[in-house]
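Each remark here refers to the structure printed beneath this line.
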Amino acid sequence: MAAREIVTATFDDIHAVVGAVRTIRDEACDELSVFGPIMETELEEAIGKPPSPVRRYALIGGISGCISGFALTVWSSYYYPLVVGGKALASIPAYVVIAFEMTILFAGISALIGMLIHNRMPTLKLDPAHVPGYSDDLFALRVACDPSRTAKVKEVLNSYGPAEVRVER
Amino acid sequence: MASVAPPARTPFARVSRDIIGALWESDLRFRLMMLLLLVVLGWAGFAWIYQIKYGMGTAGITHPVMWGVYITNFVFWVGIAHSGTLISAILYLLRSGWRTTINRTAEAMTIFAVMTAGLFPLIHLGRVWYFYFLAPYPNQRLLWPNFRSPLIWDFFAISTYFTISLLFWYSGLIPDLATIRDRLKGARGLGRLKERIYGYLSLGWHGSDSQWKNYRRAYLYMAAIATPLVLSVHSVVSWDFAMAVTPGWHSTIFAPYFVAGAIFSGIAMVITLSVPFRWALGLEDYITEYHYDNMGKLLLLTSLIVGYAYIAEYFMAWFSGDPVEWESFRWRALGDYSGPFVIMMTCNVVIPLLCFFRRIRRNIAAIFVISIFVNIGMWYERFVIIVTSLAHEYSPGAWGLYKPSWVELSITVGSFAWFLFWFMLFAKTLPAISITEVKESIAEGVWKPGDKKEEA
């Protein structure tokens with residue numbers, strides 16, 4: 001790809017970022033990322049990236065937890081059969097509790113693992129674009145675009161009252 | 001904390017500085033308190049070792065009351081744990097803005113309370129070194145736990161609860177840990193070591209939109225699954241009792257009754273802890289009358305549910321026409337343990353009624369005192385349920401009384417020291433108020449530091 005320029009605008013206010021993101025997206029600049037100390041649903045929707053894959057992890061974790069809860073209890077009842085009063089070996093109603101707890105346990109752990117995998121965490125190397133202020137009170141909007149469009153992008157970003165606009169190659 | 005400079009420019013920066021500024025400084029008061037806690041903890045440790053060496057005879061539990069103060073403490077501490085998840089998960093799903101400044105404390109309290117509660121079944125074991133028999137693991141005897149037993153359900157429920165609460169709490173901390181790491185950047189000496197430690201703990205969080213997206217999803221799912229979990233855990237604890245055919249225990253009301261009681265006692269403990277704690281850390285602007293007002297309402301609601309359950313139990317005992325059940329309940333109020341019963345009724349049903357008054361809910365000293373009464377009352381509630389039911393079962397020939405021994409009392413006091421020890425350590429090392437969530441509240445215009453919301 002031809003050399004692209006990265007325009008970074010920093011803001012104090014999340015609402016200004018939302019407006020800027022919306023306009024920049026209309027400008028058809030694709031590679032766009034936002035850094036900040038907080039995130040809001042409105043901003044997430046404005047950025048418009050596909051939904052997080054974490055939900056699949058939670059679902060798969062939950063289902064496998066439920067299956068393993070029932071599997072463990074039912075299997076162990078048959079593995080060492082203790083017939084009491086001629087009753088069925090596997091007492092499903094009693095095992096629901098175990099299966100329920102394991103559903104929750106597996107779903108929670110796998111949601112967290114999914115988050116870590118997709119966020120490339122844990123890592124000791126921070127994203128080079130990260131600046132300490134981004135975890136304090138600064139929001140940064142980074143847009144990668146063709147050099148010919150840089151001026152236009154800068155103009156749009158400036159109209160939202162950023163603290164600073166920087167261009168890097 | 002010098003390295004937190006430069007001074008705050010924006011409301012967001014002020015939040016980071018205020019909350020991080022409360023960390024690390026350990027004054028004389030803090031050290032003396034820690035020393036006191038360690039002494040108490042040492043004494044309780046001695047009592048436990050004494051009990052392990054000389055056997056369960058050193059505890060007061062004996063036939064017919066085989067569950068005494070240890071199980072009372074277990075249920076009490078599990079109950080305390082519940083409000084943490086309620087505030088962090090259920091109120092998160094309900095989008096209640098007022099939870100933001102107390103959720104971190106409440107979640108930390110949950111974890112330490114479960115850590116405390118988890119000790120009691122072990123302390124209660126005659127041969128504690130065999131506790132691992134509870135876990136399902138392949139062994140040479142080809143034995144598996146009896147999964148029909150409520151005690152095994154409880155083992156699964158408590159360990160799941162502990163794991164999920166810990167993960168939920170930790171994932172909430174990640175962006176805040178990154179904030180601390182970034183504030184310490186460029187520090188020297190000890191500050192540099194801290195920066196590295198908080199850096200490792202923040203797992204490389206840099207706050208990009210894609211990280212936030214995955215993070216917020218994961219947090220939402222954790223909250224969504226923690227909600228049924230919190231309701232299930234105390235239900236399972238209640239089934240430890242309700243599944244037994246003991247008069248006073250064998251009742252279907254137990255699960256909702258225990259869950260409401262747990263939230264009631266947990267909210268009370270949040271109030272009891274947060275009042276001295278906001279003062280000690282100088283966070284009065286963050287936890288205000290507005291928050292106590294809301295907690296007071298929750299306290300009142302759960303108190304009314306618990307009060308209703310007490311009355312419903314009596315009604316069912318009478319309505320069932322079962323003389324054993326009725327005798328058990330009559331004796332509970334009028335027999336040898338009528339003192340604990342009166343304490344329970346006064347502290348849990350009568351005193352919280354004061355929360356009907358807005359002036360009292362917004363008076364921090366008053367709500368603090370009420371919360372202490374509720375803590376006492378809820379401990380006695382568990383004592384009354386457990387001891388009076390066992391002491392007065394079916395056959396009059398098998399009736400008996402129970403008095404806790406010095407070993408049990410020492411360990412009970414020690415459990416409070418153990419809990420407070422962890423809590424104080426937490427308050428000095430981790431942001432006790434969620435920096436990120438306070439900023440979210442400010443951005444959304446829900447609430448800002450110092451705002452007391454006089455007109456609700």
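Each chain in the structure tokens gets a letter, A, B, ..., in the order shown, and its residues are numbered from 1; ligands are numbered from 1 in order too.
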
| request: May I have the residues of chain B within 6 Å of chain A, counting only C-alpha atoms, written as a list in words? | output: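 Putting it all together, I get Phe12, Ala13, Arg148, Ala157, Thr160, Thr179, Asp182, Leu203, Gly204, Gly207, Ser208, Asp209, Gln211, Asn214, Tyr215, Ala218 and Met222 of chain B.
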
| request: Enumerate, as a PyMOL selection string, the complete set of residues in chain A that a backbone-based DSSP assignment places in strand (DSSP E). | output: chain A and resi 5-11+32-35+139-145+164-168

Keeping N, CA and C atoms for every residue in the selection just given, could you write it to a file as a tab-separated table (two decimals), in the first residue's frame?
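Output file again02.tsv is given in full below:
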```
chain	number	residue	atom	x	y	z
A	5	GLU	N	-0.70	8.46	5.63
A	5	GLU	CA	-0.43	9.36	6.75
A	5	GLU	C	-1.44	9.11	7.86
A	6	ILE	N	-0.96	9.23	9.07
A	6	ILE	CA	-1.86	9.03	10.21
A	6	ILE	C	-2.12	10.37	10.86
A	7	VAL	N	-3.38	10.73	10.91
A	7	VAL	CA	-3.76	11.98	11.55
A	7	VAL	C	-4.30	11.63	12.94
A	8	THR	N	-3.72	12.22	13.97
A	8	THR	CA	-4.19	11.95	15.33
A	8	THR	C	-4.71	13.24	15.93
A	9	ALA	N	-5.97	13.21	16.36
A	9	ALA	CA	-6.53	14.37	17.04
A	9	ALA	C	-6.84	13.98	18.46
A	10	THR	N	-6.47	14.81	19.42
A	10	THR	CA	-6.82	14.49	20.81
A	10	THR	C	-7.91	15.43	21.29
A	11	PHE	N	-8.81	14.87	22.08
A	11	PHE	CA	-9.96	15.62	22.59
A	11	PHE	C	-10.05	15.46	24.10
A	32	LEU	N	-9.61	3.54	11.20
A	32	LEU	CA	-9.90	4.53	12.21
A	32	LEU	C	-9.85	3.85	13.57
A	33	SER	N	-9.17	4.47	14.52
A	33	SER	CA	-9.21	3.90	15.86
A	33	SER	C	-9.28	5.01	16.89
A	34	VAL	N	-9.86	4.66	18.03
A	34	VAL	CA	-10.07	5.64	19.09
A	34	VAL	C	-9.41	5.09	20.35
A	35	PHE	N	-8.72	5.95	21.08
A	35	PHE	CA	-8.17	5.57	22.39
A	35	PHE	C	-8.81	6.45	23.44
A	139	PHE	N	-8.88	11.72	24.88
A	139	PHE	CA	-9.38	10.78	23.88
A	139	PHE	C	-8.61	11.06	22.60
A	140	ALA	N	-8.19	10.01	21.93
A	140	ALA	CA	-7.47	10.23	20.69
A	140	ALA	C	-8.22	9.55	19.56
A	141	LEU	N	-8.31	10.26	18.44
A	141	LEU	CA	-8.92	9.70	17.24
A	141	LEU	C	-7.82	9.60	16.20
A	142	ARG	N	-7.49	8.38	15.79
A	142	ARG	CA	-6.42	8.20	14.81
A	142	ARG	C	-7.04	7.75	13.49
A	143	VAL	N	-6.70	8.46	12.45
A	143	VAL	CA	-7.22	8.13	11.13
A	143	VAL	C	-6.06	7.94	10.18
A	144	ALA	N	-6.04	6.79	9.49
A	144	ALA	CA	-5.00	6.58	8.48
A	144	ALA	C	-5.62	6.89	7.13
A	145	CYS	N	-4.97	7.74	6.36
A	145	CYS	CA	-5.57	8.05	5.05
A	145	CYS	C	-4.49	8.38	4.03
A	164	GLU	N	-5.42	19.04	20.11
A	164	GLU	CA	-4.23	18.99	19.28
A	164	GLU	C	-4.51	18.11	18.07
A	165	VAL	N	-3.91	18.46	16.92
A	165	VAL	CA	-3.98	17.57	15.76
A	165	VAL	C	-2.56	17.35	15.25
A	166	ARG	N	-2.20	16.09	15.06
A	166	ARG	CA	-0.84	15.74	14.66
A	166	ARG	C	-0.90	14.89	13.41
A	167	VAL	N	0.11	15.03	12.56
A	167	VAL	CA	0.18	14.15	11.39
A	167	VAL	C	1.49	13.37	11.45
A	168	GLU	N	1.40	12.06	11.30
A	168	GLU	CA	2.62	11.24	11.25
A	168	GLU	C	2.60	10.44	9.96
```

| query | Looking only at the backbone, which of the residues in region 84-184 of chain B does DSSP tag as alpha helix (DSSP H), as a VMD selection string? | reply | chain B and resid 84 to 85 91 to 93 103 to 124 150 to 183

| What does the distance between CA of Pro352 (chain B) and CA of Leu231 (chain B) come to in Å, to one decimal place? |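 Value for the CA of Pro352 (chain B)-CA of Leu231 (chain B) distance: 22.9 Å.
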
| query | What lies within 12 Å of Gly191 (chain B) using only C-alpha atoms, ignoring chain neighbours under 3 positions off, as a VMD selection string? | reply | chain B and resid 1 to 4 24 180 to 188 194 to 199

Could you save the residues just selected, with N, CA and C atoms, as a PDB file, in the first residue's frame?
```
ATOM      1  N   MET B   1       1.190  11.681  47.464  1.00  0.00           N
ATOM      2  CA  MET B   1       1.739  10.958  46.302  1.00  0.00           C
ATOM      3  C   MET B   1       2.252  11.959  45.284  1.00  0.00           C
ATOM      4  N   ALA B   2       3.554  12.162  45.251  1.00  0.00           N
ATOM      5  CA  ALA B   2       4.123  13.222  44.418  1.00  0.00           C
ATOM      6  C   ALA B   2       4.046  12.893  42.931  1.00  0.00           C
ATOM      7  N   SER B   3       4.209  11.619  42.596  1.00  0.00           N
ATOM      8  CA  SER B   3       4.344  11.290  41.180  1.00  0.00           C
ATOM      9  C   SER B   3       3.027  11.356  40.421  1.00  0.00           C
ATOM     10  N   VAL B   4       1.933  11.688  41.107  1.00  0.00           N
ATOM     11  CA  VAL B   4       0.648  11.773  40.417  1.00  0.00           C
ATOM     12  C   VAL B   4       0.548  13.073  39.618  1.00  0.00           C
ATOM     13  N   TRP B  24      -1.596   3.929  48.994  1.00  0.00           N
ATOM     14  CA  TRP B  24      -0.215   3.731  49.480  1.00  0.00           C
ATOM     15  C   TRP B  24       0.156   4.393  50.787  1.00  0.00           C
ATOM     16  N   ILE B 180      -3.339   3.742  36.685  1.00  0.00           N
ATOM     17  CA  ILE B 180      -2.287   3.901  37.704  1.00  0.00           C
ATOM     18  C   ILE B 180      -0.920   3.734  37.057  1.00  0.00           C
ATOM     19  N   ARG B 181      -0.787   2.709  36.209  1.00  0.00           N
ATOM     20  CA  ARG B 181       0.490   2.474  35.527  1.00  0.00           C
ATOM     21  C   ARG B 181       0.924   3.728  34.770  1.00  0.00           C
ATOM     22  N   ASP B 182      -0.024   4.324  34.043  1.00  0.00           N
ATOM     23  CA  ASP B 182       0.326   5.493  33.232  1.00  0.00           C
ATOM     24  C   ASP B 182       0.608   6.731  34.086  1.00  0.00           C
ATOM     25  N   ARG B 183      -0.068   6.828  35.246  1.00  0.00           N
ATOM     26  CA  ARG B 183       0.199   7.980  36.118  1.00  0.00           C
ATOM     27  C   ARG B 183       1.592   7.862  36.734  1.00  0.00           C
ATOM     28  N   LEU B 184       2.052   6.614  36.898  1.00  0.00           N
ATOM     29  CA  LEU B 184       3.354   6.431  37.539  1.00  0.00           C
ATOM     30  C   LEU B 184       4.496   6.496  36.543  1.00  0.00           C
ATOM     31  N   LYS B 185       4.180   6.679  35.276  1.00  0.00           N
ATOM     32  CA  LYS B 185       5.218   6.643  34.254  1.00  0.00           C
ATOM     33  C   LYS B 185       6.286   7.686  34.542  1.00  0.00           C
ATOM     34  N   GLY B 186       7.549   7.265  34.439  1.00  0.00           N
ATOM     35  CA  GLY B 186       8.640   8.196  34.673  1.00  0.00           C
ATOM     36  C   GLY B 186       9.007   8.332  36.138  1.00  0.00           C
ATOM     37  N   ALA B 187       8.287   7.617  37.031  1.00  0.00           N
ATOM     38  CA  ALA B 187       8.627   7.694  38.454  1.00  0.00           C
ATOM     39  C   ALA B 187       9.942   6.970  38.690  1.00  0.00           C
ATOM     40  N   ARG B 188      10.586   7.308  39.790  1.00  0.00           N
ATOM     41  CA  ARG B 188      11.854   6.655  40.122  1.00  0.00           C
ATOM     42  C   ARG B 188      11.741   5.875  41.410  1.00  0.00           C
ATOM     43  N   LYS B 194       6.534   0.091  41.442  1.00  0.00           N
ATOM     44  CA  LYS B 194       5.061   0.090  41.432  1.00  0.00           C
ATOM     45  C   LYS B 194       4.549   0.129  40.004  1.00  0.00           C
ATOM     46  N   GLU B 195       5.172   0.978  39.183  1.00  0.00           N
ATOM     47  CA  GLU B 195       4.730   1.091  37.795  1.00  0.00           C
ATOM     48  C   GLU B 195       4.792  -0.271  37.119  1.00  0.00           C
ATOM     49  N   ARG B 196       5.870  -0.991  37.378  1.00  0.00           N
ATOM     50  CA  ARG B 196       6.014  -2.314  36.755  1.00  0.00           C
ATOM     51  C   ARG B 196       4.958  -3.277  37.267  1.00  0.00           C
ATOM     52  N   ILE B 197       4.741  -3.261  38.583  1.00  0.00           N
ATOM     53  CA  ILE B 197       3.760  -4.201  39.136  1.00  0.00           C
ATOM     54  C   ILE B 197       2.367  -3.897  38.584  1.00  0.00           C
ATOM     55  N   TYR B 198       1.968  -2.612  38.637  1.00  0.00           N
ATOM     56  CA  TYR B 198       0.645  -2.272  38.108  1.00  0.00           C
ATOM     57  C   TYR B 198       0.591  -2.512  36.601  1.00  0.00           C
ATOM     58  N   GLY B 199       1.733  -2.341  35.942  1.00  0.00           N
ATOM     59  CA  GLY B 199       1.794  -2.620  34.507  1.00  0.00           C
ATOM     60  C   GLY B 199       1.521  -4.093  34.217  1.00  0.00           C
TER      61      GLY B 199
END
```
